[in-house]
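To start, the structure under review is shown below, and the notes come after it.
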Amino acid sequence: MTVKTWKYILIFIIINSVAAERIKDMIYMPLDAVAACFRRHNGTHQFGCSSGRSGSVGVVHLVEVDDDITWLEKNATAGPYVVVLSFAMFKKNTLLRLRDTNNINGVLLAKNNSQELPSEYSPEDTCPNRYSSYKKCDDLRPWNPFGSALLMEDWPFPMFYTENQTVLQAIKSCFSEHNAHDLETQYQRSLCAIEMKSFMYAAINSESCIKRTDFKLNFNPTQFCDPLGDRNIHWPLRPLDRNNNTVIMVTARLDASSLFDGISPGAENTITGLVTLLATAYYLNLLDITVDRYNMKSGEYSTWTESIWQTLSVRMFLKPSAATERFSMILGSLVAGTSIVLVWFINTRADVLFNSRFVLVT
């Protein structure tokens, strides 16, 4: 009996020592601290990125020079691939060439601390809000000369961004060990790959996506998309001058667009506009009160939230007219009078409406 017990104990120890690490943990390594490219819409099109519903898997391939892209275009045999790009190679022309290969399942933009950042970068168009701005775009002298219009493209593969140097080093080590040697025979051996999951339910355009979300027969609706924009109400603190309906508005941009969720490199350049706005307000407050018949010393300024995506923003500034004030007063008086009559009626009938009767049965 003692020998048999020791056999069971020995078998238990051997099994636990062998199965201490799951096979999944030996194969997969999670990549943390990454930001995904998301999908956006307007009234007619969709833009941005999305993975497949169950994720997009591709063989890792580092692209550091133009020859690496040429190899993917002409000699790649083990696709589809997930391309790891540096900042120097993250350009619209590069992404278009990768898309045209029809052999790319994802792009990972990795920030390498040992390399310098590009001197200029903008995913926006050379003329932001080209089709909705009141001012016609001048292509010879664009407002944003470094714009690449990456935000205006519908990419058929997911894109992620990471600054985690540990993640980047792990990917490079895996690529060097399994993929980099003997590129021509990649299809004959096991390779290092990356799986990206960033599936976006939104599709087609804004109208279609909102209709799918607002489907009335669905008791548990799925949120396919969220509208971009906001609503603002400007109400001055002092009485309005009915004889002067002119309003001077000085505005400055406070937000920035981005290709990746939560990563907005352009957010810092809004400081220039904000400082200029504050300086303008300070200067106007120093002017003489009678300059050009405007009261520059009112001290009333307001800010509002706004979406940067073309005409998706909603801005509402309300100024009550005399008719609106009269209507509000009449409506308020009617509501108050109706409430008083209703309370009086309930009070006089309380003994009838709320009389409780107890019957004693003996």
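Chain lettering (A, B, ...) mirrors the order of the structure tokens, residue numbering begins at 1 for each chain separately, and ligand numbering begins at 1 in order of display.
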
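The residues of region 136-217 of chain A that DSSP classifies as strand (DSSP E or B), using the backbone of this structure, are Gly147, Asp154, Met159, Phe160, Tyr161, Thr162, Ala193, Ile194, Glu195 and Met196 of chain A.
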
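Nearest residue to Ala203 (chain A), choosing from A:Gln188, A:Cys225, A:Cys37, A:Gly52 and counting only C-alpha atoms: A:Cys225.
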
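What separates CA of Phe199 (chain A) from CA of Lys91 (chain A) is a distance of 23.5 Å.
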
note - CA of Met196 (chain A) and CA of Val59 (chain A) are separated by 11.5 Å

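Within region 56-125 of chain A, residues classed as alpha helix (DSSP H) by DSSP on backbone coordinates are A:Asp66, A:Asp67, A:Asp68, A:Ile69, A:Thr70, A:Trp71, A:Leu72, A:Glu73, A:Lys74, A:Lys92, A:Asn93, A:Thr94, A:Leu95, A:Leu96, A:Arg97, A:Leu98, A:Arg99, A:Asp100.
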
Measuring between only C-alpha atoms, which one of A:Arg130, A:Arg99, A:Lys211, A:Lys197 shows the shortest distance to Pro80 (chain A)? A:Arg99
